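upload-v5.pdb (PDB, C-alpha atoms and all ligand atoms)
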```
ATOM      1  CA  LEU A   1    -139.383  91.757 196.063
ATOM      2  CA  GLY A   2    -136.601  89.635 194.499
ATOM      3  CA  LEU A   3    -133.417  88.662 196.288
ATOM      4  CA  LYS A   4    -131.472  91.024 194.091
ATOM      5  CA  ARG A   5    -133.740  93.904 195.145
ATOM      6  CA  VAL A   6    -133.347  93.034 198.835
ATOM      7  CA  HIS A   7    -129.588  92.925 198.431
ATOM      8  CA  LYS A   8    -129.667  96.303 196.739
ATOM      9  CA  VAL A   9    -131.774  97.855 199.518
ATOM     10  CA  LEU A  10    -129.458  96.433 202.205
ATOM     11  CA  GLN A  11    -126.459  97.684 200.275
ATOM     12  CA  GLY A  12    -127.986 101.139 200.133
ATOM     13  CA  LEU A  13    -128.684 101.061 203.862
ATOM     14  CA  GLY A  14    -125.214  99.806 204.689
ATOM     15  CA  GLY A  15    -123.777 102.433 202.398
ATOM     16  CA  ALA A  16    -125.706 105.193 204.146
ATOM     17  CA  LEU A  17    -124.514 103.903 207.534
ATOM     18  CA  GLY A  18    -120.951 103.677 206.300
ATOM     19  CA  ARG A  19    -121.137 107.251 205.088
ATOM     20  CA  SER A  20    -122.935 108.616 208.124
ATOM     21  CA  TRP A  21    -120.938 110.753 210.563
ATOM     22  CA  VAL A  22    -122.252 108.657 213.483
ATOM     23  CA  PHE A  23    -120.152 105.716 212.332
ATOM     24  CA  ARG A  24    -117.121 107.665 211.278
ATOM     25  CA  PRO A  25    -115.206 107.160 214.572
ATOM     26  CA  LEU A  26    -115.949 103.419 214.474
ATOM     27  CA  ILE A  27    -114.811 103.050 210.863
ATOM     28  CA  ARG A  28    -111.760 105.145 211.566
ATOM     29  CA  ARG A  29    -110.842 102.768 214.380
ATOM     30  CA  LEU A  30    -111.506  99.667 212.273
ATOM     31  CA  VAL A  31    -109.392 100.777 209.322
ATOM     32  CA  ARG A  32    -106.484 102.124 211.338
ATOM     33  CA  GLY A  33    -104.554  98.862 211.556
ATOM     34  CA  ARG A  34    -105.351  97.806 208.002
ATOM     35  CA  VAL A  35    -103.868  98.177 204.556
ATOM     36  CA  ASN A  36    -106.785  99.964 202.916
ATOM     37  CA  VAL A  37    -106.813  99.720 199.144
ATOM     38  CA  VAL A  38    -109.930 100.058 196.976
ATOM     39  CA  TYR A  39    -110.304  99.269 193.293
ATOM     40  CA  TYR A  40    -112.378 100.391 190.346
ATOM     41  CA  HIS A  41    -112.288  99.300 186.723
ATOM     42  CA  TYR A  42    -114.233 101.680 184.557
ATOM     43  CA  VAL A  43    -115.543 105.135 185.404
ATOM     44  CA  GLY A  44    -117.880 106.788 182.906
ATOM     45  CA  ASP A  45    -121.044 106.249 180.905
ATOM     46  CA  PHE A  46    -122.546 102.951 179.801
ATOM     47  CA  THR A  47    -120.649 101.299 176.938
ATOM     48  CA  SER A  48    -120.954  97.946 175.132
ATOM     49  CA  TYR A  49    -117.544  96.565 176.123
ATOM     50  CA  TYR A  50    -118.310  97.125 179.792
ATOM     51  CA  ALA A  51    -122.087  96.525 179.723
ATOM     52  CA  ASP A  52    -121.971  93.164 181.518
ATOM     53  CA  PHE A  53    -120.015  94.625 184.440
ATOM     54  CA  TYR A  54    -121.383  98.157 184.583
ATOM     55  CA  LYS A  55    -122.893  99.220 187.889
ATOM     56  CA  GLY A  56    -123.443 102.880 187.114
ATOM     57  CA  CYS A  57    -120.098 104.264 188.251
ATOM     58  CA  THR A  58    -120.274 107.590 186.471
ATOM     59  CA  LEU A  59    -117.837 110.466 186.966
ATOM     60  CA  GLU A  60    -120.334 111.970 189.391
ATOM     61  CA  ARG A  61    -120.464 108.786 191.472
ATOM     62  CA  PHE A  62    -116.670 108.618 191.498
ATOM     63  CA  ARG A  63    -116.508 112.194 192.745
ATOM     64  CA  LYS A  64    -118.952 111.408 195.572
ATOM     65  CA  ASP A  65    -116.831 108.411 196.584
ATOM     66  CA  LEU A  66    -113.712 110.534 196.881
ATOM     67  CA  GLU A  67    -115.632 113.126 198.867
ATOM     68  CA  ALA A  68    -116.779 110.438 201.326
ATOM     69  CA  LEU A  69    -113.361 108.753 201.524
ATOM     70  CA  ARG A  70    -111.613 112.014 202.223
ATOM     71  CA  LYS A  71    -113.653 112.488 205.398
ATOM     72  CA  ILE A  72    -112.020 109.428 206.937
ATOM     73  CA  PHE A  73    -108.736 108.856 205.146
ATOM     74  CA  GLU A  74    -105.668 110.507 203.845
ATOM     75  CA  ILE A  75    -105.670 109.210 200.278
ATOM     76  CA  VAL A  76    -102.069 108.260 199.499
ATOM     77  CA  PRO A  77    -100.131 106.663 196.610
ATOM     78  CA  LEU A  78     -99.862 102.871 196.702
ATOM     79  CA  SER A  79     -96.137 103.057 197.500
ATOM     80  CA  LYS A  80     -96.945 104.893 200.716
ATOM     81  CA  ILE A  81     -99.431 102.205 201.750
ATOM     82  CA  ILE A  82     -96.741  99.562 201.209
ATOM     83  CA  GLU A  83     -94.336 101.581 203.366
ATOM     84  CA  PHE A  84     -97.050 101.815 206.008
ATOM     85  CA  ASN A  85     -97.572  98.048 205.854
ATOM     86  CA  GLN A  86     -93.931  97.403 206.583
ATOM     87  CA  GLY A  87     -93.382 100.162 209.142
ATOM     88  CA  ASP A  88     -94.651 100.904 212.642
ATOM     89  CA  ASN A  89     -95.519 104.608 212.550
ATOM     90  CA  LEU A  90     -99.155 105.541 213.179
ATOM     91  CA  PRO A  91    -100.335 108.290 210.811
ATOM     92  CA  GLU A  92    -102.791 110.879 212.101
ATOM     93  CA  ALA A  93    -105.521 109.893 209.638
ATOM     94  CA  PRO A  94    -105.706 106.309 208.312
ATOM     95  CA  TYR A  95    -104.310 105.796 204.826
ATOM     96  CA  LEU A  96    -106.179 104.561 201.770
ATOM     97  CA  SER A  97    -105.090 104.024 198.161
ATOM     98  CA  VAL A  98    -107.220 104.162 195.029
ATOM     99  CA  THR A  99    -106.479 101.720 192.213
ATOM    100  CA  PHE A 100    -107.975 100.814 188.834
ATOM    101  CA  ASP A 101    -107.829  97.422 187.119
ATOM    102  CA  ASP A 102    -107.671  96.472 183.435
ATOM    103  CA  GLY A 103    -105.888  99.601 182.167
ATOM    104  CA  PHE A 104    -108.863 101.539 180.798
ATOM    105  CA  ASN A 105    -107.759 104.997 179.736
ATOM    106  CA  LEU A 106    -107.812 107.308 182.760
ATOM    107  CA  TYR A 107    -105.760 110.032 181.150
ATOM    108  CA  ARG A 108    -108.950 111.880 180.216
ATOM    109  CA  LYS A 109    -109.571 115.503 181.028
ATOM    110  CA  ASP A 110    -112.814 114.836 182.953
ATOM    111  CA  LEU A 111    -111.321 112.145 185.165
ATOM    112  CA  MET A 112    -107.945 113.792 185.704
ATOM    113  CA  GLN A 113    -109.762 116.926 186.862
ATOM    114  CA  ILE A 114    -111.487 114.994 189.649
ATOM    115  CA  LEU A 115    -108.275 113.241 190.713
ATOM    116  CA  ASP A 116    -106.494 116.596 190.815
ATOM    117  CA  GLU A 117    -109.288 118.275 192.716
ATOM    118  CA  PHE A 118    -108.930 115.745 195.542
ATOM    119  CA  GLY A 119    -105.169 115.468 195.232
ATOM    120  CA  VAL A 120    -105.458 111.736 194.587
ATOM    121  CA  LYS A 121    -102.466 109.857 193.154
ATOM    122  CA  ALA A 122    -103.868 106.584 191.830
ATOM    123  CA  THR A 123    -102.503 103.343 190.375
ATOM    124  CA  THR A 124    -103.616 101.728 187.125
ATOM    125  CA  PHE A 125    -103.058  97.966 186.750
ATOM    126  CA  VAL A 126    -102.699  97.320 183.027
ATOM    127  CA  ILE A 127    -103.310  94.286 180.797
ATOM    128  CA  THR A 128    -100.241  94.508 178.599
ATOM    129  CA  SER A 129    -101.750  92.839 175.488
ATOM    130  CA  CYS A 130    -104.417  95.587 175.428
ATOM    131  CA  LEU A 131    -102.131  98.612 175.800
ATOM    132  CA  ASN A 132    -102.234 101.024 172.856
ATOM    133  CA  ASN A 133    -105.651  99.540 172.063
ATOM    134  CA  GLU A 134    -104.040  96.554 170.388
ATOM    135  CA  ASN A 135    -106.616  94.114 171.736
ATOM    136  CA  LEU A 136    -109.818  93.957 173.773
ATOM    137  CA  MET A 137    -109.709  91.740 176.875
ATOM    138  CA  TRP A 138    -111.709  88.504 176.359
ATOM    139  CA  ARG A 139    -114.405  89.246 178.985
ATOM    140  CA  ASN A 140    -115.015  92.618 177.351
ATOM    141  CA  LYS A 141    -115.348  90.971 173.934
ATOM    142  CA  LEU A 142    -118.026  88.718 175.419
ATOM    143  CA  SER A 143    -119.756  91.815 176.781
ATOM    144  CA  VAL A 144    -119.800  93.416 173.318
ATOM    145  CA  ILE A 145    -121.290  90.235 171.861
ATOM    146  CA  ARG A 146    -123.988  90.087 174.546
ATOM    147  CA  THR A 147    -124.873  93.746 174.121
ATOM    148  CA  THR A 148    -124.848  94.150 170.352
ATOM    149  CA  VAL A 149    -125.839  90.719 168.969
ATOM    150  CA  LYS A 150    -129.327  89.240 169.433
ATOM    151  CA  GLU A 151    -129.499  86.459 172.006
ATOM    152  CA  ASP A 152    -131.122  83.982 169.580
ATOM    153  CA  GLN A 153    -128.157  84.541 167.262
ATOM    154  CA  TYR A 154    -125.175  84.405 169.577
ATOM    155  CA  VAL A 155    -126.391  81.515 171.789
ATOM    156  CA  PRO A 156    -126.554  78.902 168.961
ATOM    157  CA  LYS A 157    -123.228  80.167 167.544
ATOM    158  CA  PHE A 158    -121.691  79.843 170.984
ATOM    159  CA  ASN A 159    -123.057  76.307 171.334
ATOM    160  CA  ASP A 160    -121.751  75.305 167.881
ATOM    161  CA  LEU A 161    -118.284  76.427 168.903
ATOM    162  CA  MET A 162    -118.478  74.611 172.220
ATOM    163  CA  ALA A 163    -119.585  71.429 170.443
ATOM    164  CA  ARG A 164    -116.435  71.692 168.299
ATOM    165  CA  PHE A 165    -114.095  72.353 171.210
ATOM    166  CA  GLY A 166    -115.679  70.211 173.896
ATOM    167  CA  GLY A 167    -117.117  72.971 176.068
ATOM    168  CA  ALA A 168    -120.503  72.919 177.806
ATOM    169  CA  PRO A 169    -123.500  74.433 175.952
ATOM    170  CA  ILE A 170    -125.740  77.147 177.409
ATOM    171  CA  ARG A 171    -129.496  77.641 177.230
ATOM    172  CA  LYS A 172    -129.618  81.396 177.726
ATOM    173  CA  GLY A 173    -127.386  84.364 177.053
ATOM    174  CA  ASP A 174    -126.985  85.267 180.689
ATOM    175  CA  GLN A 175    -125.208  81.927 181.259
ATOM    176  CA  MET A 176    -122.384  82.787 178.891
ATOM    177  CA  MET A 177    -120.160  84.724 181.297
ATOM    178  CA  ARG A 178    -120.307  81.932 183.854
ATOM    179  CA  ALA A 179    -119.756  79.179 181.250
ATOM    180  CA  THR A 180    -116.731  80.867 179.699
ATOM    181  CA  ALA A 181    -115.029  81.210 183.097
ATOM    182  CA  ASP A 182    -114.381  77.449 182.820
ATOM    183  CA  TRP A 183    -112.632  77.751 179.450
ATOM    184  CA  ASP A 184    -109.120  76.453 178.907
ATOM    185  CA  MET A 185    -107.046  79.565 179.663
ATOM    186  CA  SER A 186    -104.618  78.866 176.828
ATOM    187  CA  ARG A 187    -107.474  78.947 174.279
ATOM    188  CA  LYS A 188    -109.765  81.686 175.579
ATOM    189  CA  ASP A 189    -108.559  84.354 173.146
ATOM    190  CA  GLU A 190    -108.755  82.077 170.129
ATOM    191  CA  TRP A 191    -112.299  80.955 171.056
ATOM    192  CA  VAL A 192    -113.698  84.393 171.802
ATOM    193  CA  ASP A 193    -112.226  85.726 168.529
ATOM    194  CA  LEU A 194    -113.932  82.908 166.632
ATOM    195  CA  LEU A 195    -117.242  83.742 168.295
ATOM    196  CA  TRP A 196    -116.759  87.440 167.498
ATOM    197  CA  LYS A 197    -116.251  86.548 163.823
ATOM    198  CA  GLU A 198    -119.171  84.096 163.742
ATOM    199  CA  CYS A 199    -121.421  86.864 165.089
ATOM    200  CA  ASP A 200    -120.565  89.085 162.107
ATOM    201  CA  LEU A 201    -119.238  91.882 164.272
ATOM    202  CA  PRO A 202    -116.992  94.454 162.536
ATOM    203  CA  PRO A 203    -113.254  93.672 162.527
ATOM    204  CA  LEU A 204    -111.863  94.124 166.028
ATOM    205  CA  LYS A 205    -109.420  96.767 164.866
ATOM    206  CA  GLU A 206    -112.306  98.893 163.652
ATOM    207  CA  PHE A 207    -114.063  98.551 167.003
ATOM    208  CA  LEU A 208    -110.916  99.458 168.930
ATOM    209  CA  ASP A 209    -110.143 102.455 166.720
ATOM    210  CA  GLU A 210    -113.634 103.754 167.336
ATOM    211  CA  HIS A 211    -113.789 103.187 171.125
ATOM    212  CA  ARG A 212    -110.140 103.346 172.212
ATOM    213  CA  PRO A 213    -110.856 101.876 175.668
ATOM    214  CA  TYR A 214    -107.290 101.628 176.942
ATOM    215  CA  PHE A 215    -104.272 103.676 177.908
ATOM    216  CA  THR A 216    -101.684 104.236 175.204
ATOM    217  CA  MET A 217     -97.996 104.063 176.105
ATOM    218  CA  ASP A 218     -97.785 107.848 175.724
ATOM    219  CA  GLY A 219    -100.825 108.201 177.979
ATOM    220  CA  LEU A 220     -99.132 106.063 180.630
ATOM    221  CA  GLU A 221     -96.050 108.260 180.463
ATOM    222  CA  ASP A 222     -98.216 111.369 180.964
ATOM    223  CA  TRP A 223    -100.024 109.611 183.814
ATOM    224  CA  ILE A 224     -96.716 108.883 185.548
ATOM    225  CA  ARG A 225     -95.508 112.429 184.944
ATOM    226  CA  GLU A 226     -98.581 113.654 186.863
ATOM    227  CA  GLY A 227     -97.480 111.605 189.872
ATOM    228  CA  HIS A 228     -99.680 108.520 189.349
ATOM    229  CA  SER A 229     -98.349 104.997 189.102
ATOM    230  CA  VAL A 230     -98.596 101.870 186.990
ATOM    231  CA  GLY A 231     -98.928  98.220 187.968
ATOM    232  CA  PHE A 232     -99.226  94.923 186.111
ATOM    233  CA  HIS A 233    -102.444  92.889 185.715
ATOM    234  CA  THR A 234    -101.085  90.055 183.482
ATOM    235  CA  HIS A 235    -100.748  89.957 179.704
ATOM    236  CA  THR A 236    -104.205  88.564 178.775
ATOM    237  CA  HIS A 237    -106.257  88.439 182.012
ATOM    238  CA  PRO A 238    -106.440  84.679 182.739
ATOM    239  CA  PHE A 239    -107.508  82.910 185.914
ATOM    240  CA  CYS A 240    -104.009  82.707 187.396
ATOM    241  CA  SER A 241    -104.627  79.610 189.543
ATOM    242  CA  ARG A 242    -105.019  77.683 186.261
ATOM    243  CA  LEU A 243    -101.755  78.846 184.699
ATOM    244  CA  ARG A 244     -99.194  76.099 184.209
ATOM    245  CA  SER A 245     -95.482  76.485 184.571
ATOM    246  CA  GLU A 246     -95.070  76.674 180.780
ATOM    247  CA  ASP A 247     -97.587  79.574 180.549
ATOM    248  CA  MET A 248     -95.696  81.817 182.945
ATOM    249  CA  GLU A 249     -93.040  83.232 180.625
ATOM    250  CA  ARG A 250     -95.531  84.541 178.054
ATOM    251  CA  GLU A 251     -98.278  85.565 180.477
ATOM    252  CA  ILE A 252     -96.267  86.997 183.380
ATOM    253  CA  PHE A 253     -92.445  87.150 183.332
ATOM    254  CA  ALA A 254     -91.700  88.615 179.896
ATOM    255  CA  PRO A 255     -94.511  91.230 179.747
ATOM    256  CA  ALA A 256     -93.977  92.348 183.372
ATOM    257  CA  LEU A 257     -90.269  92.957 182.847
ATOM    258  CA  LYS A 258     -90.897  94.630 179.498
ATOM    259  CA  LEU A 259     -93.439  97.015 181.057
ATOM    260  CA  LYS A 260     -91.085  97.859 183.882
ATOM    261  CA  GLU A 261     -88.247  98.558 181.502
ATOM    262  CA  ARG A 262     -90.318 100.468 178.933
ATOM    263  CA  LEU A 263     -91.651 102.896 181.567
ATOM    264  CA  GLY A 264     -88.482 102.978 183.653
ATOM    265  CA  LEU A 265     -90.341 101.817 186.773
ATOM    266  CA  GLU A 266     -88.433 101.174 189.973
ATOM    267  CA  THR A 267     -91.160  99.027 191.479
ATOM    268  CA  LEU A 268     -93.946  97.007 189.901
ATOM    269  CA  PRO A 269     -97.094  96.204 191.919
ATOM    270  CA  PHE A 270     -99.297  93.354 190.687
ATOM    271  CA  SER A 271    -103.044  92.740 190.934
ATOM    272  CA  TYR A 272    -104.619  89.346 190.235
ATOM    273  CA  PRO A 273    -107.369  89.194 187.589
ATOM    274  CA  PHE A 274    -110.534  87.952 189.333
ATOM    275  CA  GLY A 275    -108.497  88.002 192.570
ATOM    276  CA  ASP A 276    -107.370  84.491 191.605
ATOM    277  CA  ARG A 277    -103.849  83.764 192.916
ATOM    278  CA  PHE A 278    -101.100  81.611 191.344
ATOM    279  CA  GLN A 279    -100.408  78.138 192.691
ATOM    280  CA  PRO A 280     -97.932  78.568 195.592
ATOM    281  CA  ASP A 281     -94.793  77.394 193.765
ATOM    282  CA  LEU A 282     -95.593  79.589 190.766
ATOM    283  CA  GLU A 283     -96.277  82.533 193.079
ATOM    284  CA  ARG A 284     -92.786  82.226 194.524
ATOM    285  CA  GLU A 285     -91.266  81.977 191.066
ATOM    286  CA  ALA A 286     -93.270  84.978 189.822
ATOM    287  CA  PHE A 287     -91.999  87.166 192.654
ATOM    288  CA  ASP A 288     -88.413  85.998 192.136
ATOM    289  CA  ARG A 289     -88.442  86.538 188.403
ATOM    290  CA  THR A 290     -90.388  89.806 188.134
ATOM    291  CA  THR A 291     -89.488  91.403 191.488
ATOM    292  CA  PHE A 292     -93.122  92.444 192.034
ATOM    293  CA  SER A 293     -93.249  94.871 194.948
ATOM    294  CA  CYS A 294     -96.629  93.559 196.146
ATOM    295  CA  SER A 295     -99.667  91.648 194.925
ATOM    296  CA  PHE A 296    -103.365  92.008 195.587
ATOM    297  CA  ALA A 297    -106.346  89.675 195.598
ATOM    298  CA  ILE A 298    -109.861  90.938 196.377
ATOM    299  CA  GLU A 299    -110.846  89.897 199.887
ATOM    300  CA  GLY A 300    -111.262  93.240 201.670
ATOM    301  CA  PHE A 301    -108.625  95.148 203.639
ATOM    302  CA  ALA A 302    -105.632  93.102 204.837
ATOM    303  CA  LYS A 303    -104.340  93.542 208.373
ATOM    304  CA  ARG A 304    -101.150  95.558 208.732
ATOM    305  CA  HIS A 305     -97.880  93.556 208.448
ATOM    306  CA  THR A 306     -99.391  91.063 206.013
ATOM    307  CA  PRO A 307     -96.626  89.925 203.599
ATOM    308  CA  ASN A 308     -96.597  92.189 200.529
ATOM    309  CA  SER A 309     -97.301  89.191 198.301
ATOM    310  CA  ARG A 310    -100.557  88.447 200.173
ATOM    311  CA  LEU A 311    -102.310  91.825 200.238
ATOM    312  CA  GLU A 312    -105.987  92.395 199.431
ATOM    313  CA  ARG A 313    -108.259  95.120 198.082
ATOM    314  CA  GLU A 314    -111.949  95.947 198.368
ATOM    315  CA  GLU A 315    -114.201  96.583 195.387
ATOM    316  CA  ILE A 316    -115.824 100.038 195.526
ATOM    317  CA  GLU A 317    -117.186 100.490 192.014
ATOM    318  CA  GLY A 318    -120.497  98.724 192.657
ATOM    319  CA  ALA A 319    -121.903 100.116 195.864
ATOM    320  CA  GLY A 320    -119.796 103.183 196.536
ATOM    321  CA  ALA A 321    -117.666 104.314 199.444
ATOM    322  CA  GLY A 322    -119.949 103.698 202.447
ATOM    323  CA  TRP A 323    -120.713 100.068 201.817
ATOM    324  CA  ALA A 324    -117.206  99.209 200.594
ATOM    325  CA  LEU A 325    -115.644 100.486 203.826
ATOM    326  CA  LEU A 326    -117.948  98.492 206.071
ATOM    327  CA  ARG A 327    -117.544  95.323 204.029
ATOM    328  CA  GLY A 328    -113.797  95.791 203.679
ATOM    329  CA  CYS A 329    -113.323  95.821 207.447
ATOM    330  CA  PHE A 330    -115.548  92.875 208.295
ATOM    331  CA  ARG A 331    -114.292  90.314 205.803
TER
HETATM  332 ZN    ZN B 401    -109.181  92.673 185.803
END
```

Full structure transcribed into structure tokens:
Amino acid sequence: LGLKRVHKVLQGLGGALGRSWVFRPLIRRLVRGRVNVVYYHYVGDFTSYYADFYKGCTLERFRKDLEALRKIFEIVPLSKIIEFNQGDNLPEAPYLSVTFDDGFNLYRKDLMQILDEFGVKATTFVITSCLNNENLMWRNKLSVIRTTVKEDQYVPKFNDLMARFGGAPIRKGDQMMRATADWDMSRKDEWVDLLWKECDLPPLKEFLDEHRPYFTMDGLEDWIREGHSVGFHTHTHPFCSRLRSEDMEREIFAPALKLKERLGLETLPFSYPFGDRFQPDLEREAFDRTTFSCSFAIEGFAKRHTPNSRLEREEIEGAGAGWALLRGCFR
């Protein structure tokens, strides 16, 4: 029995406990004074660009999550959670908001049907360089490479590139995601595009036209018209703690303001890629320049009256509602 297996079994057990009616009063009490926000990325069937991150969150799983969440929470729009954070009223049922990172297209009939069925108004945090399927985020490009190119082909090509650019080599394919997390954030897109080309994959445009992973601008407008909301998740999905002052205009300020203006948004929430916050002085500047209404890292459920710039969320896509709720409260 490997460690991974043990973890999985414990997760299943914890999930069952979290979902069980016996614990419902306890969970209800724990979450009452917290700003409960959960996040997903991708909901649907296995696909190459999400293969490295996929944990089996199908439409069916998503539906079960909402069913379980509804037994404890009133599922509310993100703006209502922010109001709750700043106010002092105590709602009858605790609030929870559902969010999605990376801007994958949610304006699909199958998914919208489930959201409508449960009356859920969700928030999508978009990567602006990928909107309209104009690019594929660098981690997802790496996932395509790992899924569709043979390991004994992409590993030496990766190492050749790293020898040229001064990055560390890898021995096995499953080390690539970890190794690339250390890349220079200003060169990540250039390097992953070179690797894509070296691996003889079809032109990116062809891949994107075929898969169309992301929201289009029109899709976002429809999404908003249905009562859902849009947030910002950076322009190219870097580790934000490694952004320098001179990167901020291109990565954060300009695209955030453009998104806000293009969609006529009154408020713009922000979620950190990888949950990795800016350096403190850049965080202050980002809030001043973009007027973000709130920002989220990924450390569970924040206590009520946490400053809006220091909020947190809990991941739910992997283990489902039961486990996420327990973990979210005890972090
Ligand atoms: Zn992300």

Ligand ZN 401 (chain B) neighbours within 6 Å using all atoms listed in the file, as a PyMOL selection string = chain A and resi 101-102+273

Taking the file as shown, find all residues satisfying the PyMOL selection byres (((chain A and resi 282-286) around 9) and not hetatm) and write them as a JSON list (two decimals) with C-alpha atoms, in the frame of the given file.
```
[["chain", "number", "residue", "atom", "x", "y", "z"],
["A", 243, "LEU", "CA", -101.76, 78.85, 184.70],
["A", 244, "ARG", "CA", -99.19, 76.10, 184.21],
["A", 245, "SER", "CA", -95.48, 76.48, 184.57],
["A", 248, "MET", "CA", -95.70, 81.82, 182.94],
["A", 252, "ILE", "CA", -96.27, 87.00, 183.38],
["A", 253, "PHE", "CA", -92.44, 87.15, 183.33],
["A", 277, "ARG", "CA", -103.85, 83.76, 192.92],
["A", 278, "PHE", "CA", -101.10, 81.61, 191.34],
["A", 279, "GLN", "CA", -100.41, 78.14, 192.69],
["A", 280, "PRO", "CA", -97.93, 78.57, 195.59],
["A", 281, "ASP", "CA", -94.79, 77.39, 193.76],
["A", 287, "PHE", "CA", -92.00, 87.17, 192.65],
["A", 288, "ASP", "CA", -88.41, 86.00, 192.14],
["A", 289, "ARG", "CA", -88.44, 86.54, 188.40],
["A", 290, "THR", "CA", -90.39, 89.81, 188.13],
["A", 291, "THR", "CA", -89.49, 91.40, 191.49],
["A", 292, "PHE", "CA", -93.12, 92.44, 192.03],
["A", 309, "SER", "CA", -97.30, 89.19, 198.30]]
```

Residue list as a PyMOL selection string for point (-104.1, 96.2, 187.4), cut-off 7 Å, all atoms listed in the file | chain A and resi 100-103+124-127+231-233+270-271

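Minimum atom-to-atom distance to Glu60 (chain A), evaluated using all atoms listed in the file, belongs to A:Asp45 out of A:Asp45, A:Glu221, A:Asp174, A:Asp184.
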
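This file, queried with the PyMOL selection byres (((chain A and resi 32) around 9) and not hetatm), gives the residues Ile27, Arg28, Arg29, Leu30, Val31, Gly33, Arg34, Val35, Asn36, Leu90, Pro91, Ala93, Pro94, Tyr95 and Arg304 of chain A.
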
Selection above as a file: C-alpha atoms, as a PDB file, keeping the file's coordinate frame:
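Wrote selection_0.pdb, looks like this:
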```pdb
ATOM      1  CA  ILE A  27    -114.811 103.050 210.863  1.00  0.00           C
ATOM      2  CA  ARG A  28    -111.760 105.145 211.566  1.00  0.00           C
ATOM      3  CA  ARG A  29    -110.842 102.768 214.380  1.00  0.00           C
ATOM      4  CA  LEU A  30    -111.506  99.667 212.273  1.00  0.00           C
ATOM      5  CA  VAL A  31    -109.392 100.777 209.322  1.00  0.00           C
ATOM      6  CA  GLY A  33    -104.554  98.862 211.556  1.00  0.00           C
ATOM      7  CA  ARG A  34    -105.351  97.806 208.002  1.00  0.00           C
ATOM      8  CA  VAL A  35    -103.868  98.177 204.556  1.00  0.00           C
ATOM      9  CA  ASN A  36    -106.785  99.964 202.916  1.00  0.00           C
ATOM     10  CA  LEU A  90     -99.155 105.541 213.179  1.00  0.00           C
ATOM     11  CA  PRO A  91    -100.335 108.290 210.811  1.00  0.00           C
ATOM     12  CA  ALA A  93    -105.521 109.893 209.638  1.00  0.00           C
ATOM     13  CA  PRO A  94    -105.706 106.309 208.312  1.00  0.00           C
ATOM     14  CA  TYR A  95    -104.310 105.796 204.826  1.00  0.00           C
ATOM     15  CA  ARG A 304    -101.150  95.558 208.732  1.00  0.00           C
TER      16      ARG A 304
END
```

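Taking only C-alpha atoms into account, Ala179 (chain A) lies nearest to A:Met162 out of the set A:Leu78, A:Cys199, A:Leu96, A:Met162.
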
For the file shown, report as a count of residues only the outcome of the PyMOL selection byres (((chain A and resi 296) around 10) and not hetatm) at residue level.
-> 23

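Picture a line from CA of Asp110 (chain A) to CA of Pro213 (chain A); it runs 15.0 Å.
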
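Shortest separation to His211 (chain A) among A:Phe104, A:Phe73, A:Tyr154, A:Tyr39 occurs at residue A:Phe104, atoms counted being only C-alpha atoms.
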
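Reported to one decimal place, the separation of CA of Ala163 (chain A) from CA of Asp182 (chain A) is 14.7 Å.
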
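In this model, the gap between CA of Tyr49 (chain A) and CA of Lys157 (chain A) comes to 19.4 Å.
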
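In this comparison, which uses all atoms listed in the file, the residue of A:Ala319, A:Met137, A:Leu194, A:Cys130 approaching Phe165 (chain A) most closely is A:Leu194.
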
Write out as a PyMOL selection string which residues come within 10 Å of region 171-173 of chain A when counting only C-alpha atoms, dropping same-chain ones fewer than 4 positions away.
-> chain A and resi 145-146+150-156+158-159+177
